[in-house]
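Here's my_file.cif, which has mmCIF, C-alpha atoms:
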data_upload
#
loop_
_atom_site.label_atom_id
_atom_site.label_comp_id
_atom_site.auth_asym_id
_atom_site.auth_seq_id
_atom_site.Cartn_x
_atom_site.Cartn_y
_atom_site.Cartn_z
CA MET H 1 6.53 -48.57 -10.41
CA ASN H 2 5.09 -50.04 -7.21
CA ASP H 3 8.37 -49.45 -5.36
CA LEU H 4 8.27 -45.76 -6.24
CA LEU H 5 4.60 -45.41 -5.25
CA GLN H 6 5.30 -47.06 -1.91
CA GLU H 7 8.27 -44.76 -1.35
CA LEU H 8 6.11 -41.72 -2.09
CA GLU H 9 3.45 -42.94 0.34
CA ARG H 10 6.08 -43.37 3.07
CA GLU H 11 7.25 -39.80 2.46
CA LEU H 12 3.67 -38.54 2.70
CA GLU H 13 3.21 -40.39 6.00
CA LYS H 14 6.36 -38.73 7.29
CA ILE H 15 4.99 -35.33 6.28
CA ARG H 16 1.68 -36.10 8.03
CA SER H 17 3.46 -37.16 11.21
CA GLN H 18 5.24 -33.77 11.30
CA ASN H 19 1.97 -31.83 10.87
CA LEU H 20 3.29 -30.53 7.55
CA TYR H 21 0.85 -32.26 5.18
CA ARG H 22 -0.90 -30.01 2.68
CA SER H 23 -4.15 -30.52 0.78
CA LEU H 24 -6.18 -28.36 -1.57
CA THR H 25 -9.03 -26.63 0.26
CA PRO H 26 -11.61 -24.46 -1.54
CA PRO H 27 -12.35 -20.93 -0.31
CA GLN H 28 -14.80 -20.75 2.57
CA GLY H 29 -15.87 -18.04 4.95
CA LEU H 30 -14.66 -14.44 5.10
CA ASP H 31 -11.41 -14.06 3.16
CA PHE H 32 -8.43 -13.22 5.34
CA CYS H 33 -5.84 -15.31 3.46
CA SER H 34 -5.75 -14.30 -0.21
CA ASN H 35 -3.49 -11.57 -1.60
CA ASP H 36 -6.43 -9.57 -2.97
CA TYR H 37 -5.31 -6.57 -0.89
CA LEU H 38 -7.50 -3.96 -2.59
CA GLY H 39 -10.57 -6.20 -2.75
CA LEU H 40 -10.82 -5.87 -6.53
CA SER H 41 -11.75 -9.48 -7.25
CA ARG H 42 -15.07 -9.02 -5.43
CA ASP H 43 -15.81 -5.54 -6.73
CA PRO H 44 -18.73 -5.53 -9.21
CA ASN H 45 -17.43 -2.30 -10.77
CA PHE H 46 -14.16 -4.06 -11.55
CA ARG H 47 -15.96 -6.93 -13.27
CA THR H 48 -18.14 -4.49 -15.20
CA ALA H 49 -15.11 -2.53 -16.39
CA ILE H 50 -13.45 -5.73 -17.65
CA LEU H 51 -16.58 -6.78 -19.53
CA GLU H 52 -16.91 -3.35 -21.10
CA LYS H 53 -13.35 -3.52 -22.39
CA LEU H 54 -13.98 -7.01 -23.73
CA GLU H 55 -17.13 -5.91 -25.55
CA GLN H 56 -15.24 -3.07 -27.20
CA ALA H 57 -12.45 -5.35 -28.40
CA THR H 58 -12.40 -6.34 -32.07
CA GLY H 59 -10.20 -8.39 -34.35
CA PRO H 60 -8.92 -11.99 -34.39
CA ASP H 61 -6.43 -11.34 -31.56
CA SER H 62 -8.87 -9.59 -29.23
CA VAL H 63 -9.34 -12.49 -26.79
CA SER H 64 -6.60 -15.09 -27.14
CA SER H 65 -2.98 -15.25 -28.26
CA PRO H 66 -2.17 -18.94 -28.77
CA ALA H 67 1.50 -18.40 -29.54
CA SER H 68 4.62 -17.00 -27.95
CA ARG H 69 5.22 -13.24 -28.10
CA LEU H 70 7.96 -13.73 -30.70
CA LEU H 71 5.57 -15.58 -32.99
CA ARG H 72 1.94 -14.43 -33.34
CA GLY H 73 1.32 -13.83 -29.63
CA ASN H 74 2.38 -10.18 -29.65
CA THR H 75 -0.53 -7.74 -30.04
CA SER H 76 -0.89 -3.98 -29.94
CA ARG H 77 -2.68 -4.51 -26.60
CA HIS H 78 0.45 -6.06 -25.09
CA GLN H 79 2.66 -3.23 -26.26
CA ALA H 80 0.29 -0.47 -25.17
CA LEU H 81 -0.10 -2.02 -21.73
CA GLU H 82 3.67 -2.47 -21.34
CA GLN H 83 4.16 1.18 -22.15
CA ARG H 84 1.56 2.08 -19.53
CA LEU H 85 3.17 -0.25 -16.99
CA SER H 86 6.58 1.34 -17.47
CA GLY H 87 5.02 4.72 -16.69
CA PHE H 88 3.24 3.19 -13.71
CA LYS H 89 6.53 1.85 -12.31
CA GLY H 90 8.56 4.92 -13.29
CA THR H 91 10.97 3.02 -15.55
CA GLU H 92 11.95 3.13 -19.21
CA ALA H 93 10.28 -0.11 -20.23
CA ALA H 94 8.32 -3.15 -19.05
CA LEU H 95 7.70 -6.72 -20.18
CA ILE H 96 4.66 -8.89 -19.33
CA PHE H 97 5.15 -12.48 -18.09
CA PRO H 98 2.60 -15.23 -17.35
CA THR H 99 3.57 -15.46 -13.65
CA GLY H 100 5.79 -13.86 -11.05
CA TYR H 101 7.58 -17.18 -10.65
CA GLN H 102 8.48 -17.21 -14.35
CA SER H 103 9.56 -13.58 -14.09
CA ASN H 104 12.11 -14.28 -11.36
CA ILE H 105 13.34 -17.49 -12.96
CA GLY H 106 13.78 -15.62 -16.23
CA VAL H 107 15.44 -12.50 -14.82
CA PHE H 108 18.11 -14.40 -12.91
CA THR H 109 18.90 -17.01 -15.54
CA ALA H 110 19.14 -14.31 -18.22
CA LEU H 111 21.05 -11.60 -16.35
CA VAL H 112 23.21 -13.58 -13.91
CA GLY H 113 25.97 -15.98 -14.89
CA SER H 114 28.02 -18.64 -13.15
CA GLN H 115 30.91 -16.21 -12.62
CA ASP H 116 28.70 -13.66 -10.87
CA ARG H 117 28.04 -13.15 -7.16
CA VAL H 118 24.53 -12.54 -5.77
CA LEU H 119 23.66 -11.30 -2.27
CA SER H 120 20.20 -12.63 -1.41
CA ASP H 121 18.06 -12.00 1.67
CA ALA H 122 17.51 -15.12 3.77
CA GLN H 123 13.74 -14.75 3.40
CA ASN H 124 13.56 -14.15 -0.33
CA HIS H 125 10.80 -15.96 -2.21
CA ALA H 126 11.24 -19.49 -3.58
CA SER H 127 11.15 -18.18 -7.16
CA ILE H 128 14.23 -16.03 -6.42
CA ILE H 129 16.00 -18.96 -4.76
CA ASP H 130 15.24 -21.26 -7.71
CA GLY H 131 16.27 -18.63 -10.27
CA LEU H 132 19.61 -18.19 -8.55
CA ARG H 133 20.15 -21.95 -8.40
CA LEU H 134 19.50 -22.25 -12.12
CA SER H 135 21.87 -19.36 -12.88
CA GLY H 136 24.75 -21.25 -11.27
CA CYS H 137 25.96 -18.08 -9.56
CA GLN H 138 27.90 -17.74 -6.33
CA LYS H 139 25.11 -17.08 -3.83
CA ILE H 140 25.65 -15.29 -0.53
CA VAL H 141 22.58 -15.48 1.72
CA PHE H 142 22.61 -12.63 4.24
CA PRO H 143 20.53 -12.47 7.44
CA HIS H 144 17.10 -10.98 6.92
CA LEU H 145 17.25 -7.18 6.38
CA ASP H 146 20.79 -7.00 7.80
CA LEU H 147 22.36 -3.88 6.28
CA GLY H 148 25.65 -4.47 8.03
CA ALA H 149 25.96 -7.96 6.59
CA VAL H 150 25.15 -6.64 3.11
CA GLU H 151 27.85 -3.98 3.27
CA GLU H 152 30.38 -6.41 4.72
CA ALA H 153 29.76 -8.79 1.81
CA LEU H 154 29.89 -6.01 -0.79
CA ILE H 155 33.25 -4.82 0.51
CA GLN H 156 34.81 -8.18 -0.38
CA PRO H 157 36.31 -7.99 -3.89
CA HIS H 158 34.85 -10.13 -6.66
CA PRO H 159 36.94 -9.56 -9.79
CA GLU H 160 35.70 -12.76 -11.44
CA GLY H 161 32.30 -11.29 -12.35
CA LYS H 162 29.50 -8.90 -11.51
CA THR H 163 27.80 -8.49 -8.13
CA PHE H 164 24.03 -8.32 -7.63
CA LEU H 165 21.90 -7.50 -4.58
CA VAL H 166 18.41 -9.03 -4.64
CA THR H 167 15.55 -8.54 -2.21
CA GLU H 168 11.82 -8.52 -1.90
CA SER H 169 10.40 -5.11 -1.02
CA LEU H 170 7.50 -6.28 1.16
CA PHE H 171 8.23 -9.77 2.47
CA SER H 172 5.34 -12.14 1.99
CA MET H 173 5.57 -14.09 5.26
CA ASP H 174 6.86 -11.56 7.83
CA GLY H 175 5.17 -8.58 6.20
CA ASP H 176 8.17 -6.34 6.84
CA VAL H 177 9.81 -3.81 4.51
CA ALA H 178 13.29 -3.85 3.00
CA PRO H 179 15.45 -0.67 3.28
CA LEU H 180 15.48 -0.15 -0.48
CA ALA H 181 17.01 3.34 -0.42
CA ALA H 182 19.92 2.12 1.71
CA TYR H 183 20.36 -0.92 -0.54
CA ALA H 184 20.43 1.33 -3.61
CA GLU H 185 23.13 3.48 -2.02
CA LEU H 186 25.23 0.45 -1.09
CA ALA H 187 24.83 -1.01 -4.57
CA LYS H 188 25.99 2.27 -6.14
CA LYS H 189 28.91 2.63 -3.72
CA HIS H 190 30.19 -0.89 -4.38
CA GLU H 191 29.29 -1.10 -8.09
CA ALA H 192 26.64 -3.77 -7.61
CA TYR H 193 23.28 -4.16 -9.33
CA LEU H 194 20.00 -3.99 -7.38
CA ILE H 195 17.09 -6.29 -8.32
CA VAL H 196 13.80 -5.91 -6.43
CA ASP H 197 10.79 -8.20 -6.21
CA ASP H 198 8.06 -5.61 -5.56
CA ALA H 199 5.18 -8.08 -5.92
CA HIS H 200 3.37 -7.67 -2.59
CA ALA H 201 3.78 -3.88 -2.52
CA VAL H 202 2.24 -3.09 -5.92
CA GLY H 203 -1.06 -1.24 -5.58
CA VAL H 204 -0.57 -0.68 -1.84
CA PHE H 205 2.47 1.59 -1.47
CA GLY H 206 3.49 4.70 -3.39
CA GLU H 207 1.85 8.04 -2.72
CA GLU H 208 1.51 9.25 -6.31
CA ARG H 209 0.95 6.13 -8.42
CA GLY H 210 0.55 3.30 -5.92
CA SER H 211 3.13 1.34 -7.89
CA GLY H 212 4.96 -0.15 -4.92
CA LEU H 213 7.79 0.33 -2.48
CA THR H 214 10.28 1.08 -5.26
CA GLU H 215 8.22 4.22 -5.82
CA ARG H 216 7.95 5.00 -2.12
CA PHE H 217 11.74 4.79 -1.67
CA GLY H 218 12.46 6.47 -5.01
CA VAL H 219 14.65 3.69 -6.42
CA GLU H 220 12.76 3.00 -9.65
CA LYS H 221 15.60 4.22 -11.85
CA ARG H 222 18.33 2.81 -9.61
CA ALA H 223 17.26 -0.82 -9.93
CA LEU H 224 18.41 -3.08 -12.74
CA ALA H 225 15.06 -4.89 -12.73
CA ILE H 226 11.83 -4.69 -10.73
CA VAL H 227 9.49 -7.70 -10.68
CA SER H 228 5.80 -7.00 -10.04
CA THR H 229 2.65 -9.10 -10.29
CA PHE H 230 -1.04 -8.83 -11.11
CA GLY H 231 -1.87 -11.70 -8.75
CA LYS H 232 -1.90 -9.66 -5.55
CA ALA H 233 -3.50 -6.22 -5.28
CA PHE H 234 -4.76 -6.40 -8.88
CA GLY H 235 -6.80 -9.48 -7.98
CA LEU H 236 -5.86 -11.16 -11.26
CA PHE H 237 -3.03 -13.30 -12.66
CA GLY H 238 0.25 -12.60 -14.40
CA ALA H 239 3.31 -10.44 -13.84
CA PHE H 240 5.75 -8.02 -15.41
CA VAL H 241 9.36 -6.90 -15.19
CA ALA H 242 10.19 -3.19 -15.35
CA GLY H 243 13.57 -1.53 -15.82
CA PRO H 244 15.91 0.14 -18.30
CA GLN H 245 15.05 -0.25 -21.98
CA VAL H 246 18.22 -2.23 -22.71
CA VAL H 247 17.40 -4.74 -19.94
CA ILE H 248 13.91 -5.36 -21.32
CA GLU H 249 15.25 -5.77 -24.86
CA TYR H 250 17.84 -8.23 -23.58
CA LEU H 251 15.13 -10.27 -21.79
CA ILE H 252 13.12 -10.44 -25.03
CA ASN H 253 16.18 -11.95 -26.72
CA ARG H 254 17.67 -14.12 -23.98
CA CYS H 255 15.05 -14.87 -21.30
CA ARG H 256 13.96 -18.49 -21.79
CA SER H 257 10.89 -18.27 -19.53
CA PHE H 258 9.63 -15.42 -21.74
CA ILE H 259 10.69 -16.70 -25.16
CA PHE H 260 9.46 -20.28 -24.81
CA THR H 261 6.00 -19.73 -23.38
CA THR H 262 2.58 -18.74 -24.69
CA ALA H 263 1.81 -15.05 -24.51
CA VAL H 264 -0.53 -13.76 -21.81
CA PRO H 265 -3.91 -13.51 -23.61
CA PRO H 266 -5.55 -10.10 -24.23
CA LEU H 267 -8.50 -11.41 -22.22
CA LEU H 268 -6.36 -11.01 -19.09
CA LEU H 269 -4.89 -7.70 -20.21
CA TYR H 270 -8.34 -6.08 -20.11
CA GLY H 271 -8.43 -6.87 -16.41
CA VAL H 272 -5.01 -5.31 -15.85
CA GLU H 273 -6.11 -2.16 -17.69
CA ALA H 274 -9.26 -2.00 -15.55
CA GLY H 275 -7.18 -2.47 -12.42
CA LEU H 276 -4.86 0.37 -13.35
CA ASP H 277 -7.89 2.56 -14.02
CA LEU H 278 -9.27 1.82 -10.56
CA LEU H 279 -5.90 2.46 -8.90
CA ASP H 280 -5.87 5.89 -10.54
CA ALA H 281 -9.49 6.67 -9.70
CA GLU H 282 -9.61 5.31 -6.14
CA PRO H 283 -6.29 5.92 -4.31
CA GLU H 284 -8.22 5.70 -1.03
CA ARG H 285 -8.23 1.90 -1.39
CA ARG H 286 -4.53 1.61 -0.61
CA LYS H 287 -4.82 4.05 2.28
CA ARG H 288 -7.78 2.14 3.71
CA VAL H 289 -6.11 -1.28 3.59
CA CYS H 290 -3.09 0.03 5.51
CA LEU H 291 -5.30 1.68 8.13
CA LEU H 292 -7.28 -1.53 8.62
CA ALA H 293 -4.10 -3.60 8.91
CA ASP H 294 -2.70 -1.19 11.48
CA ARG H 295 -5.96 -1.49 13.41
CA LEU H 296 -5.61 -5.28 13.46
CA ARG H 297 -1.96 -5.09 14.54
CA GLN H 298 -2.94 -2.80 17.40
CA ARG H 299 -5.63 -5.23 18.56
CA PHE H 300 -3.13 -8.09 18.48
CA LYS H 301 -0.54 -6.00 20.31
CA GLU H 302 -3.06 -5.33 23.06
CA ALA H 303 -3.60 -9.09 23.31
CA GLY H 304 0.15 -9.72 23.61
CA LEU H 305 0.49 -11.43 20.23
CA ASP H 306 3.62 -11.29 18.07
CA THR H 307 3.11 -9.66 14.65
CA LEU H 308 6.85 -9.15 14.05
CA GLN H 309 7.83 -5.88 12.32
CA SER H 310 5.04 -6.12 9.78
CA ALA H 311 3.69 -3.16 7.82
CA GLY H 312 1.04 -2.92 5.15
CA PRO H 313 -1.67 -5.53 4.51
CA ILE H 314 0.22 -8.64 5.68
CA VAL H 315 -0.24 -9.32 9.40
CA PRO H 316 1.52 -12.45 10.71
CA VAL H 317 0.74 -13.96 14.10
CA VAL H 318 3.65 -16.20 15.09
CA LEU H 319 2.51 -19.26 17.07
CA GLY H 320 5.59 -21.49 17.04
CA LYS H 321 4.66 -25.13 16.56
CA SER H 322 2.88 -26.32 13.42
CA GLU H 323 0.18 -28.20 15.33
CA ARG H 324 -0.65 -25.08 17.31
CA ALA H 325 -1.00 -22.97 14.17
CA LEU H 326 -3.15 -25.65 12.51
CA ALA H 327 -5.43 -25.91 15.53
CA VAL H 328 -5.96 -22.15 15.79
CA ALA H 329 -6.64 -21.86 12.05
CA GLN H 330 -9.18 -24.68 12.29
CA ARG H 331 -11.04 -22.89 15.09
CA LEU H 332 -11.17 -19.70 13.03
CA GLN H 333 -12.47 -21.54 9.97
CA GLU H 334 -15.21 -23.06 12.09
CA LYS H 335 -16.22 -19.47 12.92
CA GLY H 336 -16.45 -18.57 9.23
CA LEU H 337 -13.08 -16.79 9.08
CA ASP H 338 -10.81 -18.09 6.32
CA VAL H 339 -7.36 -17.89 7.90
CA ARG H 340 -4.71 -20.46 7.00
CA ALA H 341 -1.73 -21.82 8.93
CA ILE H 342 1.72 -21.28 7.43
CA ARG H 343 4.27 -23.93 8.35
CA PRO H 344 7.81 -25.03 7.45
CA PRO H 345 9.37 -25.12 4.95
CA THR H 346 7.51 -21.96 3.91
CA VAL H 347 8.72 -20.39 7.16
CA ALA H 348 11.58 -21.36 9.45
CA PRO H 349 11.12 -24.24 11.94
CA GLY H 350 9.56 -23.05 15.17
CA THR H 351 7.89 -20.02 13.52
CA ALA H 352 4.63 -21.51 12.24
CA ARG H 353 2.01 -18.81 12.10
CA LEU H 354 -1.23 -17.40 10.89
CA ARG H 355 -0.60 -15.21 7.85
CA ILE H 356 -3.50 -12.78 7.76
CA SER H 357 -4.16 -10.67 4.68
CA VAL H 358 -6.23 -7.55 5.23
CA HIS H 359 -8.29 -6.22 2.32
CA ALA H 360 -9.59 -2.75 1.55
CA ASP H 361 -13.18 -4.05 1.45
CA HIS H 362 -13.07 -5.38 5.02
CA THR H 363 -14.96 -3.37 7.63
CA GLU H 364 -13.71 -2.21 11.02
CA GLN H 365 -16.24 -4.56 12.59
CA GLN H 366 -14.82 -7.53 10.67
CA ILE H 367 -11.28 -6.60 11.72
CA ASP H 368 -12.33 -6.43 15.38
CA GLN H 369 -14.26 -9.69 15.02
CA LEU H 370 -11.17 -11.43 13.67
CA ALA H 371 -8.93 -10.03 16.42
CA LYS H 372 -11.26 -11.31 19.13
CA ALA H 373 -11.65 -14.69 17.43
CA VAL H 374 -7.88 -15.18 17.13
CA GLU H 375 -7.30 -14.30 20.77
CA LYS H 376 -10.11 -16.61 21.88
CA ALA H 377 -8.92 -19.48 19.68
CA ILE H 378 -5.36 -19.27 21.01
CA LYS H 379 -6.53 -19.25 24.61
CA SER H 380 -8.80 -22.21 23.91
CA ILE H 381 -6.02 -24.25 22.28
CA ASP H 382 -3.50 -23.42 25.01
CA SER H 383 -5.80 -24.12 27.95
#
Go ahead and render the structure in this file as structure tokens.
Amino acid sequence: MNDLLQELERELEKIRSQNLYRSLTPPQGLDFCSNDYLGLSRDPNFRTAILEKLEQATGPDSVSSPASRLLRGNTSRHQALEQRLSGFKGTEAALIFPTGYQSNIGVFTALVGSQDRVLSDAQNHASIIDGLRLSGCQKIVFPHLDLGAVEEALIQPHPEGKTFLVTESLFSMDGDVAPLAAYAELAKKHEAYLIVDDAHAVGVFGEERGSGLTERFGVEKRALAIVSTFGKAFGLFGAFVAGPQVVIEYLINRCRSFIFTTAVPPLLLYGVEAGLDLLDAEPERRKRVCLLADRLRQRFKEAGLDTLQSAGPIVPVVLGKSERALAVAQRLQEKGLDVRAIRPPTVAPGTARLRISVHADHTEQQIDQLAKAVEKAIKSIDS
């Protein structure tokens, strides 16, 4: 026991020496780091709507569901919301999961086998990477957003099994957008199956419904599965998978991360319903958050800062070394601006950064304040 504890402490010291040590820090200052893109979590109308739905709920299963969906955890609320979510995403069916991580683990271990080949973007989320590892598939990691590399890989025959192409739609660290329409065409041409993690785009993109980049690029019915979450623009917790009816039925029967877990409680579903109501009633939220993020990017561009090819609410500022990113973030927090440093292994070595999340309830003055503070902090650290 003591030997293991000492080994763990040595590893922690190594992490500290590399400026990669993490600790849990409570929220403080003006929020520029959470994924609450539409600002719903702080909206009193959102809270009121949830409470009203809760007060109207009746019956023994109106608050909790202490069982899996295949036992007593399935309620009429789950089924009604899944039907609404499928309409929201423009697919035949949908299935609610406790988390986006469980969704991706479940999708890949259920649908992909050891004989199959999967093309995966180099910057795909850890949950995709882990799901593919667990599936035992042949994984081909292609350079980030490289259409040529995707087509070159798809051209190679793979008679042993099926071929899948998996990507995020809006990448969580670089904030850039995948060419989903082009991917869908390539997948069709080469008889591959497209799977999209649309998590960070839900509620922000999509002119008609705001359901994500799969809507914006019109690939809802061309994807085998679309993973979305409630933990970003919805300001809540949980996730869902949308796709063809047969895929959803298969997940119910074969997806271990769905079958062997407690159902998401109705208490949370009221929040999702309220969030969908607000998305329908206030489409200006998603327009506003994109305008504010573009304003921030322009300010950074004028200051000569690198925000990559970002679009939408995620605005990275690449600073290079981890200690530099940590120091700048610390200066901002001292000014009451909650911005966090992102370091390896979350991002590639040498690309440590600030990952700024813009929210629809920010003001233009707050955006300009942040831009000036970031520029000043960098100059102070570098001088």
Matched chain/residue IDs from the PyMOL selection byres ((chain H and resi 96) around 12), as a ChimeraX atom specification: /H:68-69,73-75,77-86,93-95,97-100,102-103,106,226-230,237-242,248,251-252,257-259,261-266,268-269,272
List the neighbours of region 201-212 of chain H out to 6 Å using only C-alpha atoms; skip same-chain residues closer than 5 positions along the sequence, and give me the result as a list in words.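 Once the nearby chain positions are removed, what remains is Lys89, Leu170, Ala233 and Arg286 of chain H.
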Selection: 8 Å around Lys221 (chain H), only C-alpha atoms, excl. self and same-chain fewer than 2 positions, as number ranges by chain: H: 90-91, 218-219, 223-224, 243-244
Starting from the displayed file, determine the output of the PyMOL selection byres ((chain H and resi 105) around 9) and express the residue list as a PyMOL selection string. chain H and resi 100-104+106-110+127-132+134-135+255-257
Result set of the PyMOL selection byres ((chain H and resi 285) around 12) on the coordinates above, as a PyMOL selection string: chain H and resi 36-40+43+203-205+207+210+233-234+275+278-284+286-292+313+358-362
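Of note, CA of Pro157 (chain H) and CA of Lys188 (chain H) are spaced 14.7 Å apart.
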Give the answer as one residue: which of H:Asp198, H:Glu168, H:Glu11, H:Glu92 has the shortest atom-to-atom distance to Glu215 (chain H), using all atoms listed in the file?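 Using all atoms listed in the file, Glu215 (chain H) sits closest to H:Asp198.
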Quick one: residues within 12 Å of Ser380 (chain H), all atoms listed in the file, excluding same-chain residues fewer than 2 positions away - as a PyMOL selection string? chain H and resi 324+327-328+330-332+373-378+382-383
Please complete region 30-43 of chain H so it has N, CA and C atoms, and hand it over as a compact mmCIF listing (two decimals), keeping the file's coordinate frame.
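So the final result, stored in selection.txt, reads:
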# COMPACT_ATOMS: atom_id res chain seq x y z
N LEU H 30 -15.16 -15.78 5.40
CA LEU H 30 -14.66 -14.44 5.10
C LEU H 30 -13.16 -14.49 4.80
N ASP H 31 -12.78 -13.94 3.67
CA ASP H 31 -11.41 -14.06 3.16
C ASP H 31 -10.43 -13.20 3.95
N PHE H 32 -9.55 -13.88 4.69
CA PHE H 32 -8.43 -13.22 5.34
C PHE H 32 -7.11 -13.91 4.97
N CYS H 33 -7.08 -14.60 3.82
CA CYS H 33 -5.84 -15.31 3.46
C CYS H 33 -5.37 -15.06 2.04
N SER H 34 -6.21 -14.54 1.15
CA SER H 34 -5.75 -14.30 -0.21
C SER H 34 -4.96 -13.00 -0.27
N ASN H 35 -4.28 -12.78 -1.40
CA ASN H 35 -3.49 -11.57 -1.60
C ASN H 35 -4.26 -10.47 -2.32
N ASP H 36 -5.57 -10.55 -2.30
CA ASP H 36 -6.43 -9.57 -2.97
C ASP H 36 -6.54 -8.31 -2.10
N TYR H 37 -5.41 -7.63 -1.89
CA TYR H 37 -5.31 -6.57 -0.89
C TYR H 37 -6.29 -5.42 -1.09
N LEU H 38 -6.60 -5.08 -2.33
CA LEU H 38 -7.50 -3.96 -2.59
C LEU H 38 -8.95 -4.39 -2.74
N GLY H 39 -9.20 -5.70 -2.65
CA GLY H 39 -10.57 -6.20 -2.75
C GLY H 39 -11.16 -6.11 -4.14
N LEU H 40 -10.31 -6.04 -5.17
CA LEU H 40 -10.82 -5.87 -6.53
C LEU H 40 -11.57 -7.09 -7.05
N SER H 41 -11.14 -8.28 -6.68
CA SER H 41 -11.75 -9.48 -7.25
C SER H 41 -13.23 -9.61 -6.90
N ARG H 42 -13.65 -8.95 -5.83
CA ARG H 42 -15.07 -9.02 -5.43
C ARG H 42 -15.84 -7.76 -5.78
N ASP H 43 -15.19 -6.82 -6.43
CA ASP H 43 -15.81 -5.54 -6.73
C ASP H 43 -16.61 -5.63 -8.03
